[in-house]
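Participant: Take a look at query-v1.txt, compact mmCIF, C-alpha atoms and all ligand atoms:
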```
# COMPACT_ATOMS: atom_id res chain seq x y z
CA MET A 1085 55.22 15.51 30.36
CA SER A 1086 53.92 19.11 30.41
CA LEU A 1087 51.21 20.34 28.07
CA ALA A 1088 53.77 22.63 26.39
CA ASN A 1089 56.02 19.61 25.80
CA ASP A 1090 53.11 17.70 24.26
CA MET A 1091 52.45 20.58 21.85
CA ASP A 1092 56.18 21.08 21.11
CA ARG A 1093 56.44 17.45 20.10
CA THR A 1094 53.29 17.60 17.98
CA ILE A 1095 54.49 20.70 16.14
CA ALA A 1096 57.89 19.06 15.53
CA ASP A 1097 56.24 15.87 14.21
CA LEU A 1098 53.86 17.78 11.92
CA ILE A 1099 56.13 20.44 10.48
CA ASP A 1100 59.22 19.35 8.58
CA GLY A 1101 59.21 21.57 5.48
CA ARG A 1102 58.26 18.76 3.11
CA ARG A 1103 55.02 17.07 4.19
CA GLY A 1104 51.43 18.30 4.43
CA ILE A 1105 48.18 17.26 6.07
CA LEU A 1106 45.44 15.01 4.69
CA ALA A 1107 41.97 16.25 5.64
CA ALA A 1108 39.81 13.12 5.93
CA ASP A 1109 37.32 14.64 8.35
CA GLU A 1110 34.21 14.85 6.20
CA SER A 1111 31.16 14.66 8.44
CA THR A 1112 28.57 11.95 7.75
CA GLY A 1113 26.50 14.24 5.49
CA THR A 1114 29.51 15.46 3.49
CA ILE A 1115 31.05 12.02 2.93
CA ALA A 1116 27.64 10.75 1.78
CA LYS A 1117 27.65 13.44 -0.95
CA ARG A 1118 31.22 12.60 -1.98
CA PHE A 1119 30.41 8.85 -2.07
CA GLU A 1120 27.22 9.45 -4.04
CA ALA A 1121 29.28 11.15 -6.76
CA VAL A 1122 31.19 7.89 -7.28
CA GLY A 1123 28.18 5.61 -6.85
CA VAL A 1124 28.87 4.41 -3.31
CA SER A 1125 26.27 4.22 -0.58
CA SER A 1126 27.54 5.72 2.69
CA THR A 1127 27.28 2.94 5.28
CA GLU A 1128 29.47 2.78 8.38
CA ASP A 1129 31.37 -0.16 6.82
CA ALA A 1130 31.95 1.71 3.55
CA ARG A 1131 33.31 4.72 5.46
CA ARG A 1132 35.61 2.43 7.48
CA ASP A 1133 36.84 0.63 4.35
CA TYR A 1134 37.49 3.90 2.55
CA ARG A 1135 39.33 5.50 5.44
CA THR A 1136 41.37 2.33 5.96
CA LEU A 1137 42.34 2.59 2.28
CA LEU A 1138 43.52 6.18 2.82
CA LEU A 1139 45.44 5.63 6.05
CA SER A 1140 47.14 2.42 4.95
CA ALA A 1141 48.22 3.67 1.51
CA PRO A 1142 51.85 2.51 1.18
CA GLY A 1143 54.25 5.46 1.23
CA LEU A 1144 51.67 8.07 2.30
CA GLY A 1145 53.81 8.94 5.33
CA ASP A 1146 56.58 10.14 2.99
CA TYR A 1147 54.43 13.09 1.94
CA VAL A 1148 51.86 13.52 4.72
CA SER A 1149 52.74 14.24 8.36
CA GLY A 1150 49.22 14.52 9.80
CA VAL A 1151 45.66 13.40 9.12
CA ILE A 1152 42.48 15.08 10.29
CA LEU A 1153 39.93 12.43 11.23
CA TYR A 1154 36.20 12.55 11.83
CA GLU A 1155 35.06 11.38 15.27
CA GLU A 1156 33.63 8.13 13.89
CA THR A 1157 37.01 7.18 12.36
CA LEU A 1158 38.80 7.64 15.69
CA GLY A 1159 36.79 4.67 17.03
CA GLN A 1160 37.06 2.43 13.95
CA ALA A 1161 39.52 -0.40 13.27
CA ASP A 1162 40.85 -2.00 10.09
CA ALA A 1163 40.01 -5.57 9.03
CA ASP A 1164 42.73 -6.92 11.38
CA GLY A 1165 41.24 -5.07 14.34
CA ARG A 1166 43.93 -2.36 14.42
CA PRO A 1167 42.50 1.02 15.47
CA LEU A 1168 42.65 3.43 12.52
CA PRO A 1169 44.57 6.13 14.47
CA GLU A 1170 47.26 3.47 15.01
CA VAL A 1171 47.33 2.68 11.30
CA ALA A 1172 48.18 6.36 10.73
CA THR A 1173 50.79 6.43 13.48
CA GLY A 1174 52.38 3.31 11.98
CA GLN A 1175 53.11 5.35 8.84
CA GLY A 1176 54.62 8.26 10.81
CA ILE A 1177 51.39 10.26 10.42
CA VAL A 1178 50.07 12.17 13.46
CA PRO A 1179 46.31 11.67 14.05
CA GLY A 1180 44.19 14.79 14.52
CA ILE A 1181 40.47 15.33 14.93
CA LYS A 1182 37.81 17.71 13.62
CA VAL A 1183 36.01 18.98 16.72
CA ASP A 1184 33.46 21.47 15.39
CA LYS A 1185 29.84 20.39 15.10
CA GLY A 1186 28.90 22.00 11.81
CA LYS A 1187 27.51 25.43 11.03
CA GLY A 1188 24.30 27.40 10.62
CA PRO A 1189 23.12 30.97 10.07
CA LEU A 1190 24.45 33.67 12.40
CA PRO A 1191 21.44 35.47 13.92
CA GLY A 1192 21.65 39.23 13.41
CA ALA A 1193 23.96 38.93 10.40
CA PRO A 1194 21.95 37.77 7.37
CA GLY A 1195 24.14 35.75 4.99
CA ASP A 1196 26.87 35.05 7.55
CA MET A 1197 27.43 31.66 9.20
CA ILE A 1198 28.57 30.51 12.63
CA THR A 1199 30.03 27.16 13.72
CA TYR A 1200 28.71 25.12 16.65
CA GLY A 1201 30.48 22.93 19.20
CA LEU A 1202 32.02 24.84 22.10
CA ASP A 1203 29.76 23.28 24.77
CA GLY A 1204 31.55 20.34 26.37
CA LEU A 1205 34.58 20.84 24.11
CA ALA A 1206 37.19 20.51 26.90
CA GLU A 1207 35.79 17.11 27.93
CA ARG A 1208 35.58 15.91 24.33
CA LEU A 1209 39.18 16.96 23.73
CA GLU A 1210 40.38 14.96 26.75
CA SER A 1211 38.56 11.93 25.41
CA TYR A 1212 39.95 12.38 21.86
CA LYS A 1213 43.45 12.80 23.31
CA SER A 1214 43.15 9.54 25.24
CA ARG A 1215 42.26 7.87 21.89
CA GLY A 1216 45.37 9.18 20.12
CA ALA A 1217 44.45 12.62 18.70
CA ARG A 1218 47.26 15.14 19.14
CA PHE A 1219 45.90 18.06 17.17
CA ALA A 1220 42.43 19.39 16.34
CA LYS A 1221 40.66 21.37 13.65
CA TRP A 1222 37.74 23.84 13.70
CA ARG A 1223 36.34 25.59 10.65
CA GLU A 1224 34.48 28.89 10.43
CA VAL A 1225 32.90 29.64 7.06
CA TYR A 1226 32.67 33.09 5.44
CA PRO A 1227 30.53 33.52 2.30
CA ILE A 1228 31.39 36.54 0.13
CA THR A 1229 28.50 38.70 -1.13
CA ASP A 1230 28.15 42.45 -1.63
CA HIS A 1231 27.44 42.77 2.09
CA ASN A 1232 29.07 39.64 3.63
CA PRO A 1233 30.95 39.07 5.77
CA THR A 1234 29.47 41.73 8.06
CA ASP A 1235 31.37 43.26 10.97
CA LEU A 1236 29.33 41.08 13.33
CA GLY A 1237 30.16 38.00 11.26
CA LEU A 1238 33.86 38.78 11.40
CA SER A 1239 33.98 39.33 15.15
CA ALA A 1240 31.67 36.42 16.09
CA ASN A 1241 33.53 33.88 13.92
CA ALA A 1242 36.94 35.07 15.13
CA GLU A 1243 35.78 34.75 18.73
CA MET A 1244 34.71 31.13 18.14
CA LEU A 1245 38.06 30.22 16.59
CA ALA A 1246 39.93 31.83 19.48
CA ARG A 1247 37.85 30.15 22.19
CA TYR A 1248 38.29 26.79 20.46
CA ALA A 1249 42.06 27.30 20.10
CA ALA A 1250 42.50 28.34 23.74
CA THR A 1251 40.49 25.31 24.89
CA CYS A 1252 42.68 22.96 22.81
CA GLN A 1253 45.90 24.40 24.23
CA ALA A 1254 44.56 24.07 27.79
CA VAL A 1255 44.64 20.28 27.29
CA GLY A 1256 47.89 20.13 25.26
CA ILE A 1257 46.29 19.74 21.83
CA VAL A 1258 47.59 21.82 18.90
CA PRO A 1259 44.70 23.71 17.23
CA ILE A 1260 44.43 24.12 13.48
CA VAL A 1261 42.59 27.39 12.96
CA GLU A 1262 40.51 27.26 9.77
CA PRO A 1263 38.75 30.40 8.56
CA GLU A 1264 37.36 29.32 5.18
CA VAL A 1265 36.45 32.19 2.88
CA LEU A 1266 34.24 30.51 0.30
CA ILE A 1267 35.22 30.45 -3.35
CA ASP A 1268 31.55 30.59 -4.49
CA GLY A 1269 30.46 33.80 -6.18
CA GLU A 1270 31.35 36.35 -8.80
CA HIS A 1271 33.79 38.43 -6.74
CA ASP A 1272 37.14 39.34 -8.26
CA LEU A 1273 40.64 38.75 -6.92
CA GLU A 1274 40.75 42.18 -5.31
CA ARG A 1275 37.52 41.62 -3.36
CA SER A 1276 38.77 38.19 -2.27
CA ALA A 1277 41.99 39.77 -1.01
CA ALA A 1278 40.09 42.49 0.86
CA VAL A 1279 37.80 39.96 2.58
CA ASN A 1280 40.62 37.59 3.51
CA GLU A 1281 42.57 40.51 4.96
CA ARG A 1282 39.67 41.46 7.24
CA VAL A 1283 39.11 37.82 8.21
CA TRP A 1284 42.74 37.03 9.07
CA HIS A 1285 43.17 40.34 10.88
CA SER A 1286 40.10 39.69 13.06
CA VAL A 1287 41.20 36.10 13.77
CA TYR A 1288 44.68 37.08 15.00
CA HIS A 1289 43.24 39.91 17.08
CA ALA A 1290 40.92 37.39 18.79
CA LEU A 1291 43.66 34.78 19.25
CA HIS A 1292 45.72 37.46 20.99
CA ARG A 1293 42.81 38.48 23.25
CA HIS A 1294 42.39 34.85 24.32
CA GLY A 1295 46.10 34.33 25.05
CA VAL A 1296 46.55 31.62 22.40
CA LYS A 1297 50.22 30.69 21.96
CA LEU A 1298 50.74 31.14 18.25
CA GLU A 1299 53.84 28.90 18.27
CA TYR A 1300 51.49 25.98 18.95
CA THR A 1301 48.98 26.68 16.20
CA ILE A 1302 48.64 26.04 12.47
CA LEU A 1303 46.60 28.28 10.16
CA LYS A 1304 44.42 26.62 7.51
CA PRO A 1305 43.18 29.43 5.26
CA SER A 1306 41.74 29.69 1.79
CA MET A 1307 44.04 30.93 -0.93
CA VAL A 1308 43.18 34.36 -2.33
CA THR A 1309 41.45 33.49 -5.61
CA PRO A 1310 38.66 35.08 -7.62
CA GLY A 1311 35.15 33.69 -7.08
CA LYS A 1312 34.40 30.50 -8.99
CA GLU A 1313 31.94 32.27 -11.31
CA ALA A 1314 34.34 35.13 -12.04
CA GLY A 1315 37.00 33.33 -14.07
CA THR A 1316 40.47 32.33 -13.00
CA ALA A 1317 43.76 33.87 -11.96
CA SER A 1318 47.20 32.48 -12.75
CA PRO A 1319 49.12 30.63 -10.01
CA GLU A 1320 51.54 33.58 -9.91
CA GLN A 1321 48.69 36.06 -9.31
CA VAL A 1322 47.15 33.83 -6.62
CA ALA A 1323 50.52 33.44 -4.91
CA GLU A 1324 51.33 37.18 -5.03
CA GLU A 1325 47.96 38.23 -3.60
CA THR A 1326 47.83 35.47 -0.99
CA LEU A 1327 51.32 36.21 0.32
CA LYS A 1328 50.78 39.96 0.29
CA ILE A 1329 47.73 39.64 2.54
CA LEU A 1330 49.19 36.91 4.78
CA ARG A 1331 52.26 39.10 5.41
CA ARG A 1332 50.00 41.94 6.55
CA THR A 1333 48.00 39.87 8.98
CA VAL A 1334 49.66 36.65 10.20
CA PRO A 1335 52.42 36.95 12.83
CA ALA A 1336 55.76 35.27 12.17
CA ALA A 1337 55.36 33.24 15.37
CA VAL A 1338 52.89 30.98 13.53
CA PRO A 1339 55.03 28.03 12.37
CA ALA A 1340 52.99 26.81 9.41
CA ILE A 1341 50.19 27.72 7.05
CA HIS A 1342 48.49 24.72 5.45
CA PHE A 1343 45.95 25.80 2.85
CA LEU A 1344 42.54 24.19 2.21
CA SER A 1345 41.66 23.48 -1.41
CA GLY A 1346 38.12 24.83 -1.13
CA GLY A 1347 36.76 23.56 -4.45
CA GLN A 1348 39.85 24.19 -6.59
CA SER A 1349 40.70 21.33 -8.92
CA ALA A 1350 43.45 19.00 -7.72
CA THR A 1351 45.88 20.37 -10.31
CA ASP A 1352 45.07 24.05 -9.60
CA ALA A 1353 45.56 23.50 -5.86
CA THR A 1354 48.99 21.96 -6.50
CA ALA A 1355 50.06 24.61 -9.04
CA ASN A 1356 49.00 27.43 -6.71
CA LEU A 1357 50.85 25.92 -3.75
CA ASN A 1358 53.93 25.56 -5.91
CA ALA A 1359 53.75 29.23 -6.97
CA LEU A 1360 53.42 30.22 -3.31
CA ASN A 1361 56.54 28.26 -2.44
CA GLN A 1362 58.46 29.84 -5.28
CA LEU A 1363 58.01 33.07 -3.31
CA ARG A 1364 58.76 31.53 0.06
CA ASP A 1365 61.70 33.86 0.74
CA LYS A 1366 58.93 36.34 1.60
CA ALA A 1367 57.22 33.90 4.00
CA PRO A 1368 58.31 33.40 7.62
CA TRP A 1369 56.02 30.35 7.85
CA GLN A 1370 56.06 26.92 6.20
CA LEU A 1371 53.55 26.89 3.33
CA GLY A 1372 51.86 23.54 2.92
CA PHE A 1373 48.58 21.78 2.19
CA SER A 1374 45.70 20.47 4.25
CA TYR A 1375 43.51 19.35 1.38
CA ALA A 1376 40.50 17.05 1.42
CA ARG A 1377 39.00 17.10 -2.08
CA ALA A 1378 42.23 18.04 -3.91
CA LEU A 1379 44.00 15.02 -2.41
CA GLN A 1380 41.16 12.52 -2.28
CA GLU A 1381 39.08 13.05 -5.43
CA PRO A 1382 41.21 11.02 -7.87
CA ALA A 1383 41.57 8.21 -5.31
CA MET A 1384 37.87 8.10 -4.45
CA LYS A 1385 36.96 7.95 -8.13
CA ALA A 1386 39.43 5.11 -8.73
CA TRP A 1387 38.06 3.19 -5.72
CA ALA A 1388 34.31 3.55 -6.44
CA GLY A 1389 33.57 1.22 -3.52
CA LYS A 1390 35.18 -1.87 -5.08
CA PRO A 1391 37.70 -3.91 -3.03
CA GLU A 1392 39.65 -4.80 -6.20
CA ASN A 1393 40.31 -1.06 -6.74
CA VAL A 1394 41.98 -0.44 -3.38
CA ASN A 1395 45.56 -0.63 -4.70
CA PRO A 1396 45.09 1.68 -7.72
CA ALA A 1397 43.17 4.13 -5.52
CA GLN A 1398 45.99 4.17 -2.96
CA LYS A 1399 48.47 4.87 -5.74
CA LYS A 1400 46.37 7.85 -6.90
CA LEU A 1401 46.30 9.24 -3.36
CA VAL A 1402 50.03 8.87 -2.81
CA GLU A 1403 50.81 10.37 -6.23
CA ARG A 1404 48.66 13.43 -5.44
CA ALA A 1405 50.38 13.74 -2.05
CA ARG A 1406 53.79 13.44 -3.73
CA LEU A 1407 52.98 16.22 -6.21
CA ASN A 1408 51.88 18.48 -3.37
CA HIS A 1409 55.07 17.61 -1.49
CA LEU A 1410 56.99 18.76 -4.59
CA ALA A 1411 54.87 21.94 -4.56
CA MET A 1412 55.99 22.53 -0.96
CA LEU A 1413 59.55 22.45 -2.27
CA GLY A 1414 58.63 24.71 -5.23
CA GLU A 1415 59.65 21.85 -7.56
CA TYR A 1416 56.30 20.93 -9.16
CA ASN A 1417 55.46 21.56 -12.79
CA ALA A 1418 52.46 20.56 -14.89
CA SER A 1419 54.46 18.09 -16.97
CA LEU A 1420 54.59 15.82 -13.89
CA GLU A 1421 50.82 15.22 -14.20
CA THR A 1422 50.07 11.91 -15.87
C1 LIG B 1501 37.06 23.30 3.61
O1 LIG B 1501 37.01 21.98 3.99
C2 LIG B 1501 38.19 21.44 4.56
C3 LIG B 1501 39.28 21.26 3.55
O2 LIG B 1501 38.77 20.48 2.50
P1 LIG B 1501 38.97 20.93 0.98
O3 LIG B 1501 40.46 20.87 0.75
O4 LIG B 1501 38.20 19.90 0.21
O5 LIG B 1501 38.41 22.31 0.84
C4 LIG B 1501 37.84 20.08 5.17
O6 LIG B 1501 38.78 19.72 6.16
C5 LIG B 1501 36.46 20.11 5.73
O7 LIG B 1501 36.49 20.81 6.94
C6 LIG B 1501 35.98 18.68 5.86
O8 LIG B 1501 35.84 18.15 4.57
C7 LIG B 1501 34.70 18.57 6.66
O9 LIG B 1501 33.66 19.27 6.08
P2 LIG B 1501 32.21 19.18 6.79
O10 LIG B 1501 31.40 20.17 5.97
O11 LIG B 1501 31.75 17.80 6.64
O12 LIG B 1501 32.37 19.59 8.21
```
Rewrite the structure from the file as structure tokens, please.
Ligand code: 5MM
Facilitator:
Amino acid sequence: MSLANDMDRTIADLIDGRRGILAADESTGTIAKRFEAVGVSSTEDARRDYRTLLLSAPGLGDYVSGVILYEETLGQADADGRPLPEVATGQGIVPGIKVDKGKGPLPGAPGDMITYGLDGLAERLESYKSRGARFAKWREVYPITDHNPTDLGLSANAEMLARYAATCQAVGIVPIVEPEVLIDGEHDLERSAAVNERVWHSVYHALHRHGVKLEYTILKPSMVTPGKEAGTASPEQVAEETLKILRRTVPAAVPAIHFLSGGQSATDATANLNALNQLRDKAPWQLGFSYARALQEPAMKAWAGKPENVNPAQKKLVERARLNHLAMLGEYNASLET
């Protein structure tokens, strides 16, 4: 089969108008912080048990079409010896893989960040593909301050996303392009919109320069919200602003936009996605979710590392996924929260 056929099939399996993506790709440091919050020590066995719980949750495949894994998970198996990517596939969920290697300061642009991991990426992708991964994810991070992101930050981060995406497509892997504009700060909705507009514009300019086929990509952006320390905006305001800026910057050839939750509460992330989908006549792309915290938090809390809590935790995860599926249809309302 050709590489284009591989990517066609992956896009068709991921994008069906009603299911989103579960981000379960927390690196070792991040998952340790999440576990600590629920009193669990982050051993390799605990991470395997937790990710088995997620991937084997009965009914998850009704609401989730893809899962982003961390490299360690790709090589782990459940208690019966079944590789975890196969556990996902068994539920009709396509396995994907986070391929960036974390971030650090961008020299020459104080306050901006840059993500690592391009060296050896083509070889790593081949190896991930042979172990079942059919799509990938790479995140660039943009803090907002009075002077960030800088012009250098915008161009350098966009270039990284484009080089990553082109490398994925050269081996038949669909790239998720994730420019995360951070929610931290006191900026207002207008400033958030202005920054996201510059970020998305620079990313699509770079993807074009690198010959990335947009039909075989998924965008994973932040929603346009005010900074966390600046108060809140209604779901309708978030949806209006987000769609307005997406329409200015993201070509219609992109099949799907799956938002990150970025520190929003689980209920806010669902309500905002629902408001976006109530305006979907204005959107040429599918509007879905690729949440980590907003899908996992209630389940992780219910689990708290105890085997006897696996079933209730799985129910919490599937319920959160179901509510976000309803938000993709524009059929969610707050009275559905228990
Ligand atoms: C922004 O983070 C991504 C989406 O998660 P949220 O919905 O919680 O915002 C997520 O996929 C992220 O990339 C992973 O959690 C990995 O993070 P680290 O920092 O460990 O690479």
Participant: Quick one: of A:Asp1365, A:Asp1109, A:Glu1224, A:Glu1270, who's nearest to ligand LIG 1501 (chain B), counting all atoms listed in the file?
Facilitator: A:Asp1109
Participant: Per residue of stretch 1236-1281 of chain A within 12 Å of stretch 1328-1352 of chain A, what are the shortest atom pair and its distance in Å to one decimal, counting all atoms listed in the file, with rows by chain and residue number, as a Markdown table?
Facilitator:
```
| residue | atom | partner | partner_atom | distance |
| --- | --- | --- | --- | --- |
| A:Val1258 | CA | A:Pro1339 | CA | 11.7 |
| A:Pro1259 | CA | A:Val1338 | CA | 11.6 |
| A:Ile1260 | CA | A:His1342 | CA | 9.0 |
| A:Val1261 | CA | A:Ile1341 | CA | 9.6 |
| A:Glu1262 | CA | A:Leu1344 | CA | 8.4 |
| A:Pro1263 | CA | A:Leu1344 | CA | 9.7 |
| A:Glu1264 | CA | A:Gly1346 | CA | 7.8 |
| A:Val1265 | CA | A:Gly1346 | CA | 8.5 |
| A:Leu1266 | CA | A:Gly1346 | CA | 7.0 |
| A:Ile1267 | CA | A:Gly1346 | CA | 6.7 |
| A:Asp1268 | CA | A:Gly1347 | CA | 8.8 |
| A:Leu1273 | CA | A:Ile1329 | CA | 11.9 |
| A:Glu1274 | CA | A:Ile1329 | CA | 10.8 |
| A:Arg1275 | CA | A:Ile1329 | CA | 12.0 |
| A:Ser1276 | CA | A:Ile1329 | CA | 10.3 |
| A:Ala1277 | CA | A:Ile1329 | CA | 6.8 |
| A:Ala1278 | CA | A:Ile1329 | CA | 8.3 |
| A:Val1279 | CA | A:Ile1329 | CA | 9.9 |
| A:Asn1280 | CA | A:Ile1329 | CA | 7.5 |
| A:Glu1281 | CA | A:Ile1329 | CA | 5.8 |
```
Participant: Show me which residues sit within 8 Å of ligand LIG 1501 (chain B) when counting only C-alpha atoms and all ligand atoms, and put them as number ranges by chain.
Facilitator: A: 1107-1115, 1152, 1182, 1184-1186, 1221-1223, 1264, 1343-1348, 1374-1379
Participant: Any idea what's packed within 12 Å of stretch 1093-1100 of chain A, counting only C-alpha atoms, ignoring anything in its chain fewer than 2 positions away? Could you give it as a PDB file with C-alpha atoms, in the frame of the given file?
Facilitator:
```pdb
ATOM      1  CA  MET A1085      55.220  15.510  30.360  1.00  0.00           C
ATOM      2  CA  SER A1086      53.920  19.110  30.410  1.00  0.00           C
ATOM      3  CA  LEU A1087      51.210  20.340  28.070  1.00  0.00           C
ATOM      4  CA  ALA A1088      53.770  22.630  26.390  1.00  0.00           C
ATOM      5  CA  ASN A1089      56.020  19.610  25.800  1.00  0.00           C
ATOM      6  CA  ASP A1090      53.110  17.700  24.260  1.00  0.00           C
ATOM      7  CA  MET A1091      52.450  20.580  21.850  1.00  0.00           C
ATOM      8  CA  ARG A1102      58.260  18.760   3.110  1.00  0.00           C
ATOM      9  CA  ARG A1103      55.020  17.070   4.190  1.00  0.00           C
ATOM     10  CA  GLY A1104      51.430  18.300   4.430  1.00  0.00           C
ATOM     11  CA  ILE A1105      48.180  17.260   6.070  1.00  0.00           C
ATOM     12  CA  LEU A1106      45.440  15.010   4.690  1.00  0.00           C
ATOM     13  CA  GLY A1145      53.810   8.940   5.330  1.00  0.00           C
ATOM     14  CA  ASP A1146      56.580  10.140   2.990  1.00  0.00           C
ATOM     15  CA  TYR A1147      54.430  13.090   1.940  1.00  0.00           C
ATOM     16  CA  VAL A1148      51.860  13.520   4.720  1.00  0.00           C
ATOM     17  CA  SER A1149      52.740  14.240   8.360  1.00  0.00           C
ATOM     18  CA  GLY A1150      49.220  14.520   9.800  1.00  0.00           C
ATOM     19  CA  VAL A1151      45.660  13.400   9.120  1.00  0.00           C
ATOM     20  CA  ILE A1152      42.480  15.080  10.290  1.00  0.00           C
ATOM     21  CA  THR A1173      50.790   6.430  13.480  1.00  0.00           C
ATOM     22  CA  GLY A1176      54.620   8.260  10.810  1.00  0.00           C
ATOM     23  CA  ILE A1177      51.390  10.260  10.420  1.00  0.00           C
ATOM     24  CA  VAL A1178      50.070  12.170  13.460  1.00  0.00           C
ATOM     25  CA  PRO A1179      46.310  11.670  14.050  1.00  0.00           C
ATOM     26  CA  GLY A1180      44.190  14.790  14.520  1.00  0.00           C
ATOM     27  CA  GLY A1216      45.370   9.180  20.120  1.00  0.00           C
ATOM     28  CA  ALA A1217      44.450  12.620  18.700  1.00  0.00           C
ATOM     29  CA  ARG A1218      47.260  15.140  19.140  1.00  0.00           C
ATOM     30  CA  PHE A1219      45.900  18.060  17.170  1.00  0.00           C
ATOM     31  CA  ALA A1220      42.430  19.390  16.340  1.00  0.00           C
ATOM     32  CA  GLN A1253      45.900  24.400  24.230  1.00  0.00           C
ATOM     33  CA  GLY A1256      47.890  20.130  25.260  1.00  0.00           C
ATOM     34  CA  ILE A1257      46.290  19.740  21.830  1.00  0.00           C
ATOM     35  CA  VAL A1258      47.590  21.820  18.900  1.00  0.00           C
ATOM     36  CA  PRO A1259      44.700  23.710  17.230  1.00  0.00           C
ATOM     37  CA  ILE A1260      44.430  24.120  13.480  1.00  0.00           C
ATOM     38  CA  LEU A1298      50.740  31.140  18.250  1.00  0.00           C
ATOM     39  CA  GLU A1299      53.840  28.900  18.270  1.00  0.00           C
ATOM     40  CA  TYR A1300      51.490  25.980  18.950  1.00  0.00           C
ATOM     41  CA  THR A1301      48.980  26.680  16.200  1.00  0.00           C
ATOM     42  CA  ILE A1302      48.640  26.040  12.470  1.00  0.00           C
ATOM     43  CA  VAL A1338      52.890  30.980  13.530  1.00  0.00           C
ATOM     44  CA  PRO A1339      55.030  28.030  12.370  1.00  0.00           C
ATOM     45  CA  ALA A1340      52.990  26.810   9.410  1.00  0.00           C
ATOM     46  CA  ILE A1341      50.190  27.720   7.050  1.00  0.00           C
ATOM     47  CA  HIS A1342      48.490  24.720   5.450  1.00  0.00           C
ATOM     48  CA  TRP A1369      56.020  30.350   7.850  1.00  0.00           C
ATOM     49  CA  GLN A1370      56.060  26.920   6.200  1.00  0.00           C
ATOM     50  CA  LEU A1371      53.550  26.890   3.330  1.00  0.00           C
ATOM     51  CA  GLY A1372      51.860  23.540   2.920  1.00  0.00           C
ATOM     52  CA  PHE A1373      48.580  21.780   2.190  1.00  0.00           C
ATOM     53  CA  SER A1374      45.700  20.470   4.250  1.00  0.00           C
ATOM     54  CA  HIS A1409      55.070  17.610  -1.490  1.00  0.00           C
ATOM     55  CA  MET A1412      55.990  22.530  -0.960  1.00  0.00           C
ATOM     56  CA  LEU A1413      59.550  22.450  -2.270  1.00  0.00           C
TER      57      LEU A1413
END
```
Participant: Could you check which of A:Gly1311, A:Tyr1248, A:Asp1235, A:Ala1254 is closest to A:Glu1210, using only C-alpha atoms?
Facilitator: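 Closest to A:Glu1210 of all the choices is A:Ala1254.
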Participant: Nearest to A:Ala1397: which of A:Thr1354, A:Ser1125, A:Ser1286, A:Thr1136 is it, counting only C-alpha atoms?
Facilitator: A:Thr1136
Participant: From the set A:Thr1157, A:Ser1126, A:Asn1395, A:Asn1417, which residue has the shortest atom-to-atom contact distance to A:Tyr1212, counting only C-alpha atoms?
Facilitator: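 Comparing A:Thr1157, A:Ser1126, A:Asn1395, A:Asn1417 against A:Tyr1212, the winner is A:Thr1157.
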Participant: To one decimal place in Å, what is the distance between atom CA of A:Asn1408 and atom CA of A:Leu1139?
Facilitator: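 According to the coordinates, atom CA of A:Asn1408 and atom CA of A:Leu1139 are separated by 17.2 Å.
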Participant: Just checking: using all atoms listed in the file, which residue out of A:His1292, A:Val1255, A:Pro1227, A:Ala1418 ends up closest to A:Ser1306?
Facilitator: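 With all atoms listed in the file as the atom set, the closest residue is A:Pro1227.
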Participant: What separation in Å, quoted to one decimal, exists between atom CA of A:Ser1318 and atom CA of A:His1271?
Facilitator: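 Between these atoms lies a distance of 15.9 Å.
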Participant: Mind giving me the straight-line distance from atom CA of A:Ser1211 to atom CA of A:Ala1290 in Å, one decimal?
Facilitator: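 It comes out at 26.4 Å.
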Participant: Kindly indicate which residue among A:His1294, A:Ala1388, A:Pro1382, A:Leu1202 lies nearest to A:Ala1130, using all atoms listed in the file for the distances.
Facilitator: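 Among the listed residues, A:Ala1388 lies closest to A:Ala1130.
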Participant: Determine the axis-aligned bounding box of all atoms of stretch 1307-1322 of chain A present in the file, pad each side by 6 Å, and express its centre and edge lengths in Å to one decimal place as AutoDock Vina command-line options.
Facilitator:
```
--center_x 41.7 --center_y 33.3 --center_z -7.5 --size_x 31.6 --size_y 17.6 --size_z 25.1
```
